[in-house]
Amino acid sequence: MIGAVLKKVFGSHAERTMKQFWPLVDRINEWYEEFDSLSDEQIQAKTWEFRARLQDGETLDDVAPEAFAVVKQACKRHVGQKWEAGGSVIEWVEVPYDVQLIGGITLHQGKIAEMRTGEGKTLVATLPLYANALEGRGCHLVTTNDFLAKRDSEWTGRILEWLGISIGCIQQNMDPPERRKMYACDVTYGQNSEFGFDYLRDNMASSAAHLVQGARSKVSQSLADEILAFARDHEGRVVADSFQTLIVEVAPGGVAPLVKEFGPCFSIESLSVIWRGEAALASLPEMSPRAPAVTEAFNDLRVAEGKGWVRFQLLTRDHHFAIIDEVDSILIDEARTPLIISGQVDRSTHRFDQMRPLVENLMHRQAALVNNLLAEADDLLGRDDADSRYRAGLRLLQVKKATPKNKKFLKYNSEPEIARLIGRCENDFMIDQKSKMGEKSLLWVEEELFFVIDEKGHSVDLSEKGRETVSPDDPDRFLLADIVDEFSRIEGDPDLSEEEKEKRKAVIRQVNEIKTEELHNISQLLRAYTLFENDVEYVIEDDKVVIVDEFTGRLQPGRRYSDGLHQAIEAKERVKIEKETQTLATITIQNYFRMYDKLSGMTVTDETEA
């Protein structure tokens, strides 16, 4: 009641925020009307004017209202024009409304904008993308699939290109040189996983030449080409040429012209002259106040007498600003999804073919047990007393832990009353209370099963009953030796030589490795049989297991499950078991996007669902 009254008096949080934005909207519209009298060429020249003002010390927030107005003017001047986007010819009819300007301001401030379907999220994104691209550090528009990335880059990207903003688009089948060109653009569109995998590959790169996300901007590359051409004309040579740093060595007579020509293009922090003596600095030209101060950075014995090095720190792309479309899907639903780059191991130790018959026997036994549990639950539910219903709930809880995808169980669980009963039994199980069946602990729920499935944790654990079933003649088959105790016993034996001690330790290690590998193989096979279904999580094509992306439904050829799971599925489907892989690099979607200096998002459901 009090909350409703306060909301009526002061408005909701969204309404209060909107009130703060209206003065900015008025300023944008004032600039928009003032720019009406400018020619197309003058509107396009605004991009370079804004960049110059930013170099002179103005902030992005200072120029943002004018920048938004320029985008609105560009949209207006394209109305009626047609071009191809996403394989279809579209006619441009979009000019941002005031509410869309508010959406743009929200994104520019690193917040989430909730807009309903049809309210123009794609158009709204062009406003902050243009403004933030002015800094030259690169902006990323993150989508949920390749098609949307390509369509949006061709659709609204046309407006940004008209204003002098270079547009790139990352697609799944691009090779590294193409990707580098796309990242060098002012605005890059792409699927969330493509950005993440490129980051992982960059971290695995053996040299700067193999980087893609750390590429120079197109402006920096053009400037570097001019510097190199100028240096060659003055008997210069390249000392270092990485993405970020360009160092050229020139003769004494070439230093002054080089600094005079290109010094105004760089800040104080991004240009320095390395010389062997201070006297040579007197020959450098006098620079205007806006140009960087040229100072001796340090003395370097590698610099030849009478020559100098000029270091230019070039602008490269980094994790500067990103807008995530469907942000709730990417940063909530997929937040913990790991992006993994795997590589083949040197030596394969899998025993999936040997373990498969044992696991299939477990599956048959568990299926028979589940059928009995369901029959017993049917009978108990037919009785008209609370104790019988509770017992039925326990049987269904066992079925849930034994095979959560069982069709009959799913039918039971779809009935609200029975679902609540199972939930109550599971709660009792979690806190290990005494059951209504007597003094026996509820731990028996799992002890009767051959293996226990945790669908949420995506794991399967072999029970004691399951271990006895797998190896009835050798109960210690999966019992690992206590290496510390065993090694201590060996070391304390005075009758053993050092060589014999090492041999016995090696045997213990080897036996433990074999047992560990067998347990791991059984665990992964159980996961393959119980949690991964053909034509759902994967498909079989050309006798190969091909992963299906759970969010887009697209096939992922070339990608494999890690930690032996893919080999387990191959064993299950009786196709060729490929060589094992190991994880070389991994990061979650959420952790990747945390690296951006400023992050904003668009959604149709954020506040509604909250």
# chains A, B, ... in the order shown; residues from 1 in each chain; ligands from 1
$ residues_around --residues "Gln172 (chain A)" --least-positions-apart "6" --cutoff "10 Å" --atoms "only C-alpha atoms" --output "list in words"
Asn145, Asp146, Arg179, Gly190, Gln191, Ser193 and Glu194 of chain A
$ write_last_selection --atoms "N, CA, C and O atoms" --output "short mmCIF file (atom, residue, chain, number, x, y, z; two decimals), in the first residue's frame"
data_model
loop_
_atom_site.label_atom_id
_atom_site.label_comp_id
_atom_site.auth_asym_id
_atom_site.auth_seq_id
_atom_site.Cartn_x
_atom_site.Cartn_y
_atom_site.Cartn_z
N ASN A 145 23.11 -14.04 -33.17
CA ASN A 145 23.49 -14.94 -34.26
C ASN A 145 24.11 -14.17 -35.42
O ASN A 145 24.03 -12.93 -35.48
N ASP A 146 24.72 -14.90 -36.33
CA ASP A 146 25.44 -14.30 -37.46
C ASP A 146 24.52 -13.53 -38.39
O ASP A 146 24.91 -12.48 -38.93
N ARG A 179 39.07 -11.11 -40.20
CA ARG A 179 38.61 -10.67 -38.87
C ARG A 179 39.37 -9.43 -38.43
O ARG A 179 38.79 -8.51 -37.84
N GLY A 190 28.74 -8.45 -34.53
CA GLY A 190 29.08 -9.86 -34.47
C GLY A 190 28.32 -10.60 -33.40
O GLY A 190 27.71 -9.99 -32.50
N GLN A 191 28.33 -11.93 -33.50
CA GLN A 191 27.68 -12.79 -32.51
C GLN A 191 28.52 -12.83 -31.24
O GLN A 191 29.74 -12.74 -31.29
N SER A 193 29.45 -15.16 -29.16
CA SER A 193 30.48 -16.19 -29.03
C SER A 193 31.66 -15.92 -29.94
O SER A 193 32.80 -16.29 -29.61
N GLU A 194 31.44 -15.26 -31.09
CA GLU A 194 32.55 -14.95 -32.00
C GLU A 194 33.52 -13.96 -31.34
O GLU A 194 34.74 -14.10 -31.45
#
$ select_by_dssp --residues "region 144-274 of chain A" --states "helix (DSSP H, G or I)" --output "ChimeraX atom specification"
/A:146-155,157-162,176-183,192-204,208-210,218-233,252-265,268-270
$ residues_around --residues "region 417-423 of chain A" --least-positions-apart "2" --cutoff "9 Å" --atoms "only C-alpha atoms" --output "MDAnalysis selection string"
chainID A and resid 389:390 392:397 400 412:415 425:428
$ residues_around --residues "region 33-47 of chain A" --least-positions-apart "3" --cutoff "12 Å" --atoms "only C-alpha atoms" --output "short mmCIF file (atom, residue, chain, number, x, y, z; two decimals) with C-alpha atoms, in the first residue's frame"
data_model
loop_
_atom_site.label_atom_id
_atom_site.label_comp_id
_atom_site.auth_asym_id
_atom_site.auth_seq_id
_atom_site.Cartn_x
_atom_site.Cartn_y
_atom_site.Cartn_z
CA ASP A 26 15.27 18.97 -26.10
CA ARG A 27 18.93 19.88 -26.71
CA ILE A 28 19.27 17.14 -29.32
CA ASN A 29 16.18 18.38 -31.15
CA GLU A 30 17.42 21.98 -31.03
CA PHE A 50 33.70 16.16 -33.27
CA ARG A 51 36.93 14.15 -33.33
CA ALA A 52 39.02 17.33 -33.38
CA ARG A 53 37.05 18.73 -30.43
CA LEU A 54 37.61 15.53 -28.47
CA VAL A 63 29.53 16.44 -27.98
CA ALA A 64 26.92 13.67 -27.54
CA GLU A 66 25.17 17.23 -31.30
CA ALA A 67 26.31 13.76 -32.34
CA PHE A 68 22.82 12.33 -31.75
CA ALA A 69 21.35 15.22 -33.78
CA VAL A 70 23.74 14.46 -36.65
CA VAL A 71 22.60 10.82 -36.70
CA LYS A 72 18.96 11.95 -36.71
CA GLN A 73 19.73 14.25 -39.65
CA ALA A 74 21.45 11.40 -41.49
CA CYS A 75 18.39 9.20 -40.95
CA LYS A 76 16.09 11.93 -42.26
CA ARG A 77 18.21 12.45 -45.38
CA HIS A 78 18.08 8.75 -46.25
CA TYR A 130 28.18 6.85 -33.57
CA ALA A 131 28.94 8.97 -30.52
CA ASN A 132 31.29 6.43 -28.90
CA ALA A 133 33.01 5.59 -32.20
CA LEU A 134 34.24 9.20 -32.37
CA GLU A 135 36.95 8.36 -29.82
CA GLY A 136 38.53 5.96 -32.31
CA ILE A 159 23.74 5.38 -41.97
CA LEU A 160 26.96 5.26 -39.94
CA GLU A 161 29.08 4.71 -43.05
CA TRP A 162 27.52 7.76 -44.66
CA LEU A 163 28.76 9.75 -41.67
CA GLY A 164 32.32 8.49 -42.10
CA ILE A 165 32.20 5.68 -39.51
CA SER A 166 33.75 2.45 -40.84
#
$ atom_distance --atom1 "CA of Glu550 (chain A)" --atom2 "CA of Thr337 (chain A)"
10.6 Å
$ closest_residue --among "A:Gln213, A:Phe197, A:Gln55, A:Gly254" --to "Glu178 (chain A)" --atoms "only C-alpha atoms"
A:Gln213
$ closest_residue --among "A:Ile341, A:Val548, A:Leu101, A:Leu525" --to "Met204 (chain A)" --atoms "only C-alpha atoms"
A:Ile341
$ atom_distance --atom1 "CA of Gly601 (chain A)" --atom2 "CA of Gly138 (chain A)"
16.8 Å
$ residues_around --residues "Asn406 (chain A)" --least-positions-apart "5" --cutoff "10 Å" --atoms "only C-alpha atoms" --output "list in words"
Ala367, Val370, Asn371, Val399, Lys400 and Lys411 of chain A
$ residues_around --residues "Val310 (chain A)" --least-positions-apart "5" --cutoff "7 Å" --atoms "only C-alpha atoms" --output "list in words"
Ile247, Val248, Glu249, Ser272, Val273 and Ile274 of chain A
$ atom_distance --atom1 "CA of Ser242 (chain A)" --atom2 "CA of Thr316 (chain A)"
10.3 Å
$ residues_around --residues "Leu315 (chain A)" --least-positions-apart "5" --cutoff "10 Å" --atoms "only C-alpha atoms" --output "PyMOL selection string"
chain A and resi 136-138+214-221+243-245+266+270
$ closest_residue --among "A:Ile170, A:Met363, A:Met115, A:Ala256" --to "His140 (chain A)" --atoms "only C-alpha atoms"
A:Ile170
